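Engineer: Before I ask anything, let me first share the structure, which is written out below as C-alpha cells.
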Amino acid sequence: MSHVEEFLTTEEEQEIVDAILEAERKTSGEIRVHLEASSKIDHFSRAQQVFHFLKMDNTKDENGVLIYVAVDDHKFVIYGDRGIDKAVPRGFWDSTKEVMESHFKNGDFKQGIVDGILRAGKELEAHFPWHHGDSNELSDAVSKG
C-alpha cells in the first residue's frame, strides 16, 4: 500500500467528503482535495497542474479551491481560482494554511484538511452565496495521484 493510501483511513476520507458537502451547501464555490506522494516540480506549480487536470478552472464563477497535499514531501498548497482570489481578503489563504499546519504538526491530517475546507467554505459563502438552481459542478471525492 502506498503512503497516499495510508495517509487517511476510509472513515477520515469520508469525513473530508462530508466537510466538502457541508462547506459547499451554502455557496456556488467548489472545493476539492487531492493527495499524491510527491512532486517533481515546485508544489505551487504542481497544484496549478492538478487544478487544471481536475477541470477546476472550468467553473462558471472561477471560484474553485484546491487543497493539494504531497504526502511524502510534507507539503501542501491551497490554490484558489481567479474569481475567489479576487474576492478573499489579503492573507486569507495564509491564515487558513496556518490553521491546517497546526493540525498537521500534531499528526492530525484529517482535521487539518477538514478545518481548511470549512474555512474556505465560509469565505466562499460570503463572496459566492448559493442561489436557487446552482449545481455541484465538480466531484466531492478525494482524488489521488
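Here, A, B, ... name the chains of the C-alpha cells in the order displayed, residue numbers run from 1 inside each chain, and ligands are numbered from 1 in the same displayed order.
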Report the closest atom pair, with its distance in Å rounded to one decimal, for each residue of stretch 26-135 of chain A that has an atom no farther than 10 Å from stretch 2-21 of chain A; count only C-alpha atoms, sort by chain and then rising residue number, and write it as JSON lines.

Structural biologist:
{"residue": "A:Lys26", "atom": "CA", "partner": "A:Leu21", "partner_atom": "CA", "distance": 9.4}
{"residue": "A:Glu30", "atom": "CA", "partner": "A:Ile20", "partner_atom": "CA", "distance": 8.4}
{"residue": "A:Ile31", "atom": "CA", "partner": "A:Ile20", "partner_atom": "CA", "distance": 6.4}
{"residue": "A:Arg32", "atom": "CA", "partner": "A:Ile20", "partner_atom": "CA", "distance": 7.6}
{"residue": "A:Val33", "atom": "CA", "partner": "A:Ile16", "partner_atom": "CA", "distance": 8.4}
{"residue": "A:Leu35", "atom": "CA", "partner": "A:Val4", "partner_atom": "CA", "distance": 6.5}
{"residue": "A:Glu36", "atom": "CA", "partner": "A:Val4", "partner_atom": "CA", "distance": 5.8}
{"residue": "A:Ala37", "atom": "CA", "partner": "A:Val4", "partner_atom": "CA", "distance": 5.7}
{"residue": "A:Ser38", "atom": "CA", "partner": "A:Val4", "partner_atom": "CA", "distance": 9.4}
{"residue": "A:Val69", "atom": "CA", "partner": "A:Val4", "partner_atom": "CA", "distance": 9.5}
{"residue": "A:Ala70", "atom": "CA", "partner": "A:Val4", "partner_atom": "CA", "distance": 8.5}
{"residue": "A:Val71", "atom": "CA", "partner": "A:Val4", "partner_atom": "CA", "distance": 6.3}
{"residue": "A:Asp72", "atom": "CA", "partner": "A:His3", "partner_atom": "CA", "distance": 7.1}
{"residue": "A:Asp108", "atom": "CA", "partner": "A:Leu8", "partner_atom": "CA", "distance": 9.8}
{"residue": "A:Phe109", "atom": "CA", "partner": "A:Leu8", "partner_atom": "CA", "distance": 7.8}
{"residue": "A:Lys110", "atom": "CA", "partner": "A:Glu12", "partner_atom": "CA", "distance": 6.0}
{"residue": "A:Gln111", "atom": "CA", "partner": "A:Ile16", "partner_atom": "CA", "distance": 8.4}
{"residue": "A:Gly112", "atom": "CA", "partner": "A:Ile16", "partner_atom": "CA", "distance": 9.9}
{"residue": "A:Ile113", "atom": "CA", "partner": "A:Ile16", "partner_atom": "CA", "distance": 7.1}
{"residue": "A:Val114", "atom": "CA", "partner": "A:Ile16", "partner_atom": "CA", "distance": 5.6}
{"residue": "A:Asp115", "atom": "CA", "partner": "A:Ala19", "partner_atom": "CA", "distance": 8.4}
{"residue": "A:Gly116", "atom": "CA", "partner": "A:Ala19", "partner_atom": "CA", "distance": 9.5}
{"residue": "A:Ile117", "atom": "CA", "partner": "A:Ile20", "partner_atom": "CA", "distance": 6.3}
{"residue": "A:Leu118", "atom": "CA", "partner": "A:Ala19", "partner_atom": "CA", "distance": 6.5}
{"residue": "A:Ala120", "atom": "CA", "partner": "A:Ile20", "partner_atom": "CA", "distance": 9.6}
{"residue": "A:Gly121", "atom": "CA", "partner": "A:Ile20", "partner_atom": "CA", "distance": 7.9}

Engineer: Keeping only N, CA, C and O atoms, write those residues as a short mmCIF file (atom, residue, chain, number, x, y, z; two decimals), in the first residue's frame.

Structural biologist:
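The resulting file, result-v1.cif, is reproduced below:
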data_model
loop_
_atom_site.label_atom_id
_atom_site.label_comp_id
_atom_site.auth_asym_id
_atom_site.auth_seq_id
_atom_site.Cartn_x
_atom_site.Cartn_y
_atom_site.Cartn_z
N LYS A 26 -23.79 26.08 1.12
CA LYS A 26 -24.24 27.47 1.13
C LYS A 26 -23.48 28.35 0.15
O LYS A 26 -23.51 29.57 0.26
N GLU A 30 -16.63 25.67 -5.40
CA GLU A 30 -16.29 24.25 -5.46
C GLU A 30 -14.98 24.01 -4.73
O GLU A 30 -14.01 24.75 -4.92
N ILE A 31 -14.94 22.97 -3.91
CA ILE A 31 -13.73 22.62 -3.15
C ILE A 31 -13.35 21.19 -3.47
O ILE A 31 -14.21 20.30 -3.48
N ARG A 32 -12.07 20.96 -3.74
CA ARG A 32 -11.56 19.61 -3.98
C ARG A 32 -10.32 19.40 -3.12
O ARG A 32 -9.61 20.35 -2.79
N VAL A 33 -10.04 18.14 -2.80
CA VAL A 33 -8.82 17.74 -2.11
C VAL A 33 -8.13 16.72 -2.99
O VAL A 33 -8.76 15.78 -3.48
N LEU A 35 -4.56 14.27 -3.14
CA LEU A 35 -3.40 13.71 -2.44
C LEU A 35 -2.51 13.00 -3.45
O LEU A 35 -3.01 12.30 -4.33
N GLU A 36 -1.21 13.18 -3.30
CA GLU A 36 -0.25 12.38 -4.07
C GLU A 36 1.02 12.25 -3.24
O GLU A 36 1.21 12.97 -2.27
N ALA A 37 1.86 11.31 -3.63
CA ALA A 37 3.06 11.02 -2.84
C ALA A 37 4.02 12.20 -2.82
O ALA A 37 4.43 12.67 -1.77
N SER A 38 4.42 12.67 -4.02
CA SER A 38 5.39 13.76 -4.09
C SER A 38 5.27 14.45 -5.44
O SER A 38 4.55 14.00 -6.32
N VAL A 69 -2.10 18.09 -1.40
CA VAL A 69 -1.18 17.57 -0.38
C VAL A 69 -0.22 16.58 -1.02
O VAL A 69 -0.65 15.60 -1.63
N ALA A 70 1.08 16.87 -0.91
CA ALA A 70 2.13 15.94 -1.32
C ALA A 70 2.60 15.23 -0.05
O ALA A 70 3.38 15.77 0.74
N VAL A 71 2.09 14.04 0.16
CA VAL A 71 2.22 13.31 1.42
C VAL A 71 3.69 13.08 1.82
O VAL A 71 4.10 13.43 2.93
N ASP A 72 4.49 12.50 0.94
CA ASP A 72 5.88 12.18 1.28
C ASP A 72 6.75 13.42 1.39
O ASP A 72 7.75 13.42 2.11
N ASP A 108 -2.46 15.31 12.95
CA ASP A 108 -3.90 15.19 12.71
C ASP A 108 -4.23 15.76 11.33
O ASP A 108 -4.76 16.86 11.19
N PHE A 109 -3.88 14.99 10.30
CA PHE A 109 -4.02 15.45 8.92
C PHE A 109 -5.48 15.61 8.52
O PHE A 109 -5.85 16.59 7.87
N LYS A 110 -6.31 14.67 8.93
CA LYS A 110 -7.73 14.76 8.60
C LYS A 110 -8.33 16.05 9.12
O LYS A 110 -9.00 16.77 8.41
N GLN A 111 -8.08 16.37 10.39
CA GLN A 111 -8.68 17.56 10.98
C GLN A 111 -8.14 18.83 10.35
O GLN A 111 -8.86 19.80 10.15
N GLY A 112 -6.86 18.82 9.99
CA GLY A 112 -6.29 19.97 9.30
C GLY A 112 -6.99 20.22 7.98
O GLY A 112 -7.34 21.37 7.64
N ILE A 113 -7.21 19.16 7.22
CA ILE A 113 -7.88 19.29 5.93
C ILE A 113 -9.34 19.72 6.13
O ILE A 113 -9.83 20.62 5.44
N VAL A 114 -10.02 19.11 7.09
CA VAL A 114 -11.42 19.47 7.37
C VAL A 114 -11.52 20.95 7.74
O VAL A 114 -12.38 21.67 7.21
N ASP A 115 -10.66 21.42 8.64
CA ASP A 115 -10.71 22.83 9.03
C ASP A 115 -10.41 23.75 7.86
O ASP A 115 -11.04 24.80 7.71
N GLY A 116 -9.47 23.36 7.00
CA GLY A 116 -9.17 24.15 5.81
C GLY A 116 -10.38 24.23 4.89
O GLY A 116 -10.71 25.30 4.35
N ILE A 117 -11.05 23.12 4.70
CA ILE A 117 -12.26 23.06 3.86
C ILE A 117 -13.35 23.97 4.42
O ILE A 117 -13.96 24.75 3.70
N LEU A 118 -13.60 23.86 5.72
CA LEU A 118 -14.67 24.63 6.33
C LEU A 118 -14.38 26.13 6.30
O LEU A 118 -15.28 26.95 6.07
N ALA A 120 -12.48 27.65 4.03
CA ALA A 120 -12.65 28.03 2.62
C ALA A 120 -14.13 28.15 2.28
O ALA A 120 -14.55 29.10 1.61
N GLY A 121 -14.93 27.21 2.76
CA GLY A 121 -16.37 27.24 2.50
C GLY A 121 -17.04 28.47 3.07
O GLY A 121 -17.89 29.09 2.42
#

Engineer: Check the DSSP output for the backbone and give back, as a PyMOL selection string, the residues of stretch 65-125 of chain A in helix (DSSP H, G or I).

Structural biologist: chain A and resi 82-87+92-105+109-125

Engineer: Between atom CA of A:Ala87 and atom CA of A:His127, what distance in Å does the model show, to one decimal?

Structural biologist: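 That distance, rounded to one decimal, is 6.4 Å.
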
Engineer: Excluding stretch 47-57 of chain A and its own-chain neighbours fewer than 2 positions away, which residues fall within 12 Å of it when counting only C-alpha atoms? Please give them as a PyMOL selection string.

Structural biologist: chain A and resi 29-36+38-45+59-70+75-84+136-145

Engineer: Please produce an output containing N, CA and C atoms for each residue in the selection, written as a compact mmCIF listing (two decimals), in the first residue's frame.

Structural biologist:
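Result file part20.txt:
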# COMPACT_ATOMS: atom_id res chain seq x y z
N GLY A 29 -19.38 27.98 -4.81
CA GLY A 29 -17.97 27.60 -4.93
C GLY A 29 -17.78 26.10 -4.90
N GLU A 30 -16.63 25.67 -5.40
CA GLU A 30 -16.29 24.25 -5.46
C GLU A 30 -14.98 24.01 -4.73
N ILE A 31 -14.94 22.97 -3.91
CA ILE A 31 -13.73 22.62 -3.15
C ILE A 31 -13.35 21.19 -3.47
N ARG A 32 -12.07 20.96 -3.74
CA ARG A 32 -11.56 19.61 -3.98
C ARG A 32 -10.32 19.40 -3.12
N VAL A 33 -10.04 18.14 -2.80
CA VAL A 33 -8.82 17.74 -2.11
C VAL A 33 -8.13 16.72 -2.99
N HIS A 34 -6.83 16.92 -3.20
CA HIS A 34 -6.04 15.98 -4.00
C HIS A 34 -4.80 15.57 -3.20
N LEU A 35 -4.56 14.27 -3.14
CA LEU A 35 -3.40 13.71 -2.44
C LEU A 35 -2.51 13.00 -3.45
N GLU A 36 -1.21 13.18 -3.30
CA GLU A 36 -0.25 12.38 -4.07
C GLU A 36 1.02 12.25 -3.24
N SER A 38 4.42 12.67 -4.02
CA SER A 38 5.39 13.76 -4.09
C SER A 38 5.27 14.45 -5.44
N SER A 39 6.03 15.52 -5.58
CA SER A 39 6.03 16.27 -6.83
C SER A 39 7.46 16.48 -7.28
N LYS A 40 7.67 16.35 -8.58
CA LYS A 40 9.00 16.58 -9.15
C LYS A 40 9.23 18.06 -9.44
N ILE A 41 8.17 18.87 -9.38
CA ILE A 41 8.28 20.32 -9.58
C ILE A 41 7.84 21.01 -8.30
N ASP A 42 7.98 22.34 -8.24
CA ASP A 42 7.57 23.03 -7.01
C ASP A 42 6.08 22.80 -6.78
N HIS A 43 5.71 22.77 -5.54
CA HIS A 43 4.37 22.34 -5.15
C HIS A 43 3.27 23.29 -5.62
N PHE A 44 3.55 24.56 -5.67
CA PHE A 44 2.55 25.51 -6.16
C PHE A 44 2.26 25.23 -7.64
N SER A 45 3.31 25.03 -8.43
CA SER A 45 3.13 24.73 -9.86
C SER A 45 2.39 23.41 -10.04
N THR A 59 -15.13 26.16 -13.78
CA THR A 59 -16.34 26.53 -13.05
C THR A 59 -16.85 27.88 -13.55
N LYS A 60 -18.15 28.02 -13.50
CA LYS A 60 -18.84 29.20 -14.04
C LYS A 60 -18.30 30.50 -13.45
N ASP A 61 -18.09 30.55 -12.15
CA ASP A 61 -17.68 31.80 -11.49
C ASP A 61 -16.20 31.83 -11.12
N GLU A 62 -15.43 30.89 -11.66
CA GLU A 62 -13.99 30.81 -11.34
C GLU A 62 -13.77 30.82 -9.83
N ASN A 63 -14.53 29.99 -9.12
CA ASN A 63 -14.50 30.00 -7.67
C ASN A 63 -14.19 28.62 -7.08
N GLY A 64 -13.28 27.91 -7.72
CA GLY A 64 -12.83 26.63 -7.19
C GLY A 64 -11.64 26.80 -6.27
N VAL A 65 -11.56 25.93 -5.27
CA VAL A 65 -10.44 25.92 -4.33
C VAL A 65 -9.93 24.48 -4.23
N LEU A 66 -8.64 24.32 -4.45
CA LEU A 66 -7.99 23.02 -4.35
C LEU A 66 -7.08 22.99 -3.13
N ILE A 67 -7.23 21.94 -2.33
CA ILE A 67 -6.27 21.66 -1.26
C ILE A 67 -5.44 20.50 -1.77
N TYR A 68 -4.19 20.80 -2.10
CA TYR A 68 -3.26 19.82 -2.68
C TYR A 68 -2.27 19.41 -1.59
N VAL A 69 -2.10 18.09 -1.40
CA VAL A 69 -1.18 17.57 -0.38
C VAL A 69 -0.22 16.58 -1.02
N ALA A 70 1.08 16.87 -0.91
CA ALA A 70 2.13 15.94 -1.32
C ALA A 70 2.60 15.23 -0.05
N LYS A 75 4.30 18.62 2.22
CA LYS A 75 3.97 19.95 1.70
C LYS A 75 2.51 19.97 1.28
N PHE A 76 1.89 21.14 1.37
CA PHE A 76 0.53 21.31 0.86
C PHE A 76 0.36 22.73 0.34
N VAL A 77 -0.60 22.87 -0.55
CA VAL A 77 -0.90 24.16 -1.16
C VAL A 77 -2.41 24.33 -1.17
N ILE A 78 -2.85 25.53 -0.89
CA ILE A 78 -4.25 25.90 -1.08
C ILE A 78 -4.27 26.78 -2.31
N TYR A 79 -4.94 26.32 -3.34
CA TYR A 79 -4.94 27.05 -4.61
C TYR A 79 -6.36 27.45 -4.99
N GLY A 80 -6.59 28.74 -5.12
CA GLY A 80 -7.90 29.24 -5.49
C GLY A 80 -7.89 29.81 -6.89
N ASP A 81 -8.99 29.62 -7.60
CA ASP A 81 -9.14 30.15 -8.96
C ASP A 81 -9.23 31.68 -8.91
N ARG A 82 -9.21 32.29 -10.08
CA ARG A 82 -9.17 33.75 -10.19
C ARG A 82 -10.31 34.44 -9.46
N GLY A 83 -11.52 33.92 -9.61
CA GLY A 83 -12.67 34.57 -9.00
C GLY A 83 -12.57 34.64 -7.50
N ILE A 84 -12.19 33.54 -6.87
CA ILE A 84 -12.09 33.53 -5.41
C ILE A 84 -10.88 34.32 -4.94
N ASN A 136 -23.79 21.40 -8.28
CA ASN A 136 -22.46 20.97 -7.89
C ASN A 136 -21.72 20.63 -9.19
N GLU A 137 -20.74 21.46 -9.55
CA GLU A 137 -20.09 21.31 -10.84
C GLU A 137 -18.97 20.27 -10.84
N LEU A 138 -18.45 19.93 -9.67
CA LEU A 138 -17.31 19.02 -9.59
C LEU A 138 -17.54 17.93 -8.55
N SER A 139 -16.82 16.84 -8.70
CA SER A 139 -16.89 15.75 -7.73
C SER A 139 -16.41 16.22 -6.36
N ASP A 140 -16.97 15.64 -5.31
CA ASP A 140 -16.56 15.95 -3.94
C ASP A 140 -15.58 14.91 -3.40
N ALA A 141 -15.32 13.87 -4.16
CA ALA A 141 -14.43 12.80 -3.70
C ALA A 141 -12.99 13.31 -3.60
N VAL A 142 -12.23 12.71 -2.68
CA VAL A 142 -10.80 12.99 -2.57
C VAL A 142 -10.12 12.30 -3.77
N SER A 143 -9.39 13.08 -4.55
CA SER A 143 -8.69 12.48 -5.70
C SER A 143 -7.25 12.15 -5.28
N LYS A 144 -6.68 11.19 -5.98
CA LYS A 144 -5.33 10.73 -5.64
C LYS A 144 -4.54 10.54 -6.91
N GLY A 145 -3.26 10.88 -6.81
CA GLY A 145 -2.40 10.74 -7.98
C GLY A 145 -1.14 10.00 -7.66

Engineer: Would you please extract all strand (DSSP E or B) residues from chain A, as assigned by DSSP on the backbone, and give them as a list of chain:residue names?

Structural biologist: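 Filtering chain A to strand (DSSP E or B) leaves A:Thr27, A:Glu30, A:Ile31, A:Arg32, A:Val33, A:His34, A:Leu35, A:Glu36, A:Gly64, A:Val65, A:Leu66, A:Ile67, A:Tyr68, A:Val69, A:Ala70, A:Lys75, A:Phe76, A:Val77, A:Ile78, A:Tyr79, A:Gly80, A:Pro129, A:Ser143, A:Lys144.
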
Engineer: Of the candidates A:Glu125, A:Trp130, A:Ala23, A:Arg119, which one gets nearest to A:Ser95 if we count only C-alpha atoms?

Structural biologist: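 Residue with the minimum atom-to-atom distance to A:Ser95: A:Arg119.
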
Engineer: Quick one: residues within 9 Å of A:His131, only C-alpha atoms, excluding same-chain residues fewer than 3 positions away - as a PyMOL selection string?

Structural biologist: chain A and resi 26-28+128+134

Engineer: Taking C-alpha atoms for each residue, export the selection above as a compact mmCIF listing (two decimals), in the first residue's frame.

Structural biologist:
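Done, and the output landed in part35.txt:
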# COMPACT_ATOMS: atom_id res chain seq x y z
CA LYS A 26 -24.24 27.47 1.13
CA THR A 27 -22.02 28.51 -1.77
CA SER A 28 -21.71 28.12 -5.51
CA PHE A 128 -20.25 33.38 -3.74
CA ASP A 134 -26.80 26.32 -8.54

Engineer: Mind pulling up the distance from atom CA of A:His74 to atom CA of A:Met100?

Structural biologist: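 Here the two named atoms are 12.4 Å from each other.
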
Engineer: For a test of reading the model, state the distance in Å between atom CA of A:Arg90 and atom CA of A:Glu24, rounded to one decimal.

Structural biologist: 22.1 Å

Engineer: Would you mind telling me which residue in A:Glu123, A:Asn58, A:Asp73, A:Arg46 lies nearest to A:Phe92 when using only C-alpha atoms?

Structural biologist: A:Glu123
